[in-house]
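Everything below concerns the one structure shown next.
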Amino acid sequence: DEEYFQFRFRFFYVILLFSAGSSIFFITADYAGINYVGEMHVFMLKIHLIVIAVSLIGLYNRKHLFYIFAWPYAIVCFGVFISAMLFVPQDEIRILWFFINVPGVYLLLGRFVGVIATALSMLCIVVVNNYLVAPYSDNAIATAMVGLVYLSAFFHAYSSRSISFYRRMLEYNKELTFLANHDPLTGVMNARAYYEVCNSLIELSKRESTSFAVLFVDLDHFKKINDQYGHDAGDQVLKDVSTCLKNHVRHSDVIGRVGGEEFSIFLPNTDLIGAEQVAEKLRFEIEALMPRIHSGPIRTTASIGVAISHTPTPTMANIQRHADQAMYQAKQQGRNRVSCIDMSDSGLLSA
C-alpha cells in the first residue's frame with residue numbers, strides 16, 4: 001500500500017506539471033491571438049494555475065497531504081472543463097477533456113472515485129450541452145456517453161487487475177525474501193541473515209550504551225538421534241526445538257540456525273543475570289519437550305553457552321565465538337547445562 005501511495009503521489013506531481021504547462025499554453029496563445037479561448041475561460045485557467053502552484057508548494061516533502069490537495073485539484077479541473085464547454089464554442093473537440101480526466105482520477109483517487117468522476121462527467125456534458133450556443137447533436141452526446149462508460153469500465157478493470165497483480169507480486173517478493181533469510185526446515189533465520197541483523201543490533205547497542213547477550217544452543221548427542229532413528233526424526237527434533245525457542249523468547253530477541261543442530265539467540269538489553277535465566281528456562285523447556293517421532297517420544301537436551309557484552313562491544317563474530325566457547329565448557333561439564341562468559345573491557349570472566 002505504501003508503494004502504491006508513493007506511485008500516486010509522484011503521478012500527481014507529473015499531472016500538476018503537465019496541467020500547468022497546458023494552462024500556460026492556452027493563456028499565452030489567447031493573449032497572442034493565436035488560439036482565442038475567451039476572457040472567462042482565461043480566468044478559469046488562471047485559477048487552475050493558482051491551485052496547481054499551491055499544490056506543488058504544499059506537497060513538497062509532505063506526501064501525507066496528498067488527499068488534501070488531490071481532491072481540490074480534481075474539483076477545479078471539472079470547473080475548467082465546464083468552462084471550456086460554455087465559453088469556448090469554437091473548439092469542437094473540447095469535450096475530450098472529460099475523457100482525459102477519467103483515467104487520471106482512476107489512477108489518483110481510486111476506482112470508487114473514478115466511477116463517480118465518470119458519472120459526473122456524463123451529467124455535466126448532458127446538462128451543459130443544453131446551454132451551449134452550438135450544442136452537440138444527440139448522436140454526438142450518445143457517442144460521448146458510451147465512450148465514457150467504455151473508458152471507465154476499461155480503467156476500472158485495469159486498476160483492479162493492476163492492484164491485484166501488484167499485491168500478489170509484493171506477496172511473492174515477501175515469500176522470496178523470507179526464503180532467502182530463513183532456514184526452510186525450522187523457520188528461524190539462516191546464519192547469513194542472522195549475523196546481519198545481530199551486527200545492526202550491536203551498532204544500536206553502542207549508540208544507546210546498553211548491554212546484550214548471545215546464547216549458543218547445541219543439541220546434545222544429535223548425531224545419535226540421526227543414526228538411531230533416521231534423518232526424518234532428526235528433522236522433527238529440530239523443528240520442535242526451534243518452535244520451543246521461538247515460544248520462550250521475547251519478540252525483540254533474534255534466533256538463527258547457525259549449524260546443523262546449533263542455534264544462536266541474540267538478546268538485546270539483557271545483562272548477565274537475565275541472560276542466564278533465559279538460558280536456564282530454554283534448557284528446561286527443551287529437556288521437557290520430548291519430541292514425538294515415529295517410534296514415540298524421544299528425550300532431547302541442550303548445552304547452552306552464554307556470552308554477555310557491554311559497550312563498547314566487539315563484532316558479532318567475536319562474541320559468537322565466546323558463546324561457542326561457553327557452550328563447549330557446558331559440554332565438558334556433562335552436557336544439559338548452561339555456562340556463561342562475561343566479556344568486559346578488562347578481559348573475559350567465565351562462570
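Residues in the C-alpha cells are numbered from 1 in each chain, the chains being A, B, ... in the order shown, and ligands are numbered from 1 in the order shown.
Shell of region 332-338 of chain A at 9 Å, with only C-alpha atoms counted and residues fewer than 4 places along the chain excluded, is Leu219, Asp220, Glu276, Ala279, Glu280, Arg283, Phe284, Glu287, Thr301, Ala302, Ser303, Ile304, Gly305, Val306, Ala326, Met327 and Tyr328 of chain A.
Residues with any atom within 10 Å of region 54-57 of chain A, counting only C-alpha atoms and excluding same-chain neighbours fewer than 6 positions away, are Phe12, Tyr13, Leu16, Leu17, Leu65, Phe66, Ile68, Phe69, Ala70, Pro72 and Tyr73 of chain A.
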Close residues, Asn269 (chain A) itself excluded, 9 Å, only C-alpha atoms, min 2 positions apart in chain, as a PyMOL selection string: chain A and resi 205+210-213+267+271
Written file, previous selection with C-alpha atoms, as a short mmCIF file (atom, residue, chain, number, x, y, z; two decimals), in the first residue's frame:
data_model
loop_
_atom_site.label_atom_id
_atom_site.label_comp_id
_atom_site.auth_asym_id
_atom_site.auth_seq_id
_atom_site.Cartn_x
_atom_site.Cartn_y
_atom_site.Cartn_z
CA SER A 205 23.53 -1.12 21.42
CA THR A 210 23.19 -0.93 26.54
CA SER A 211 24.41 -4.47 27.11
CA PHE A 212 23.33 -7.52 25.17
CA ALA A 213 23.81 -11.27 25.34
CA LEU A 267 19.16 -10.93 23.47
CA ASP A 271 22.51 -8.37 31.46
#
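When only C-alpha atoms are used to compute distances to Gly104 (chain A), the closest of the residues A:Val237, A:Met40, A:Val14, A:Ala275 turns out to be A:Val14.
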Please provide the set of residues having any atom within 12 Å of Gln228 (chain A), restricted to only C-alpha atoms, with same-chain residues fewer than 4 positions apart removed, written as a ChimeraX atom specification. /A:221-224,232-234,293-295,298
When DSSP works through the backbone of this structure, what residues of region 33-273 of chain A end up as strand (DSSP E or B), shown as an MDAnalysis selection string? chainID A and resid 182 189:190 212:219 254:257 262:268
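Minimum distance to Lys63 (chain A) across A:Phe9, A:Ala119, A:Ser242, A:His231 (counting only C-alpha atoms) occurs at A:Phe9.
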Close residues, Leu45 (chain A) itself excluded, 10 Å, only C-alpha atoms, min 6 positions apart in chain, as a ChimeraX atom specification: /A:19-20,22-24,26-27,39,51,76-77,79-81,83-84
Could you list, as a ChimeraX atom specification, every residue within 9 Å of Met122 (chain A), counting only C-alpha atoms and ignoring same-chain residues fewer than 4 positions away? /A:98,117-118,126-127,144-145,148-149
Give me the residues within 12 Å of Asp253 (chain A) as number ranges by chain, counting only C-alpha atoms and dropping any in the same chain fewer than 2 places off. A: 188-189, 194, 197-198, 201, 212-215, 245-251, 255-256, 264-270, 275, 278
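Counting only C-alpha atoms and comparing A:Leu108, A:Ile82, A:Leu59, A:Ala153, the residue that lies closest to Leu123 (chain A) is A:Ile82.
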Could you check how far CA of Gly296 (chain A) sits from CA of Asp235 (chain A), in Å to one decimal? 14.7 Å
Could you give me the residues within region 51-291 of chain A that DSSP places in helix (DSSP H, G or I), as a ChimeraX atom specification? /A:51-59,63-87,96-109,111-129,138-181,191-208,222-229,231-247,272-287
Å distance separating CA of Pro103 (chain A) from CA of Tyr150 (chain A), one decimal place: 11.5 Å
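Here CA of Ala157 (chain A) and CA of Arg111 (chain A) stand 9.0 Å from one another.
The shortest atom-to-atom distance to Tyr195 (chain A), with only C-alpha atoms taken into account, belongs to A:Ala317 out of A:Ala317, A:Leu132, A:Val88, A:Cys244.
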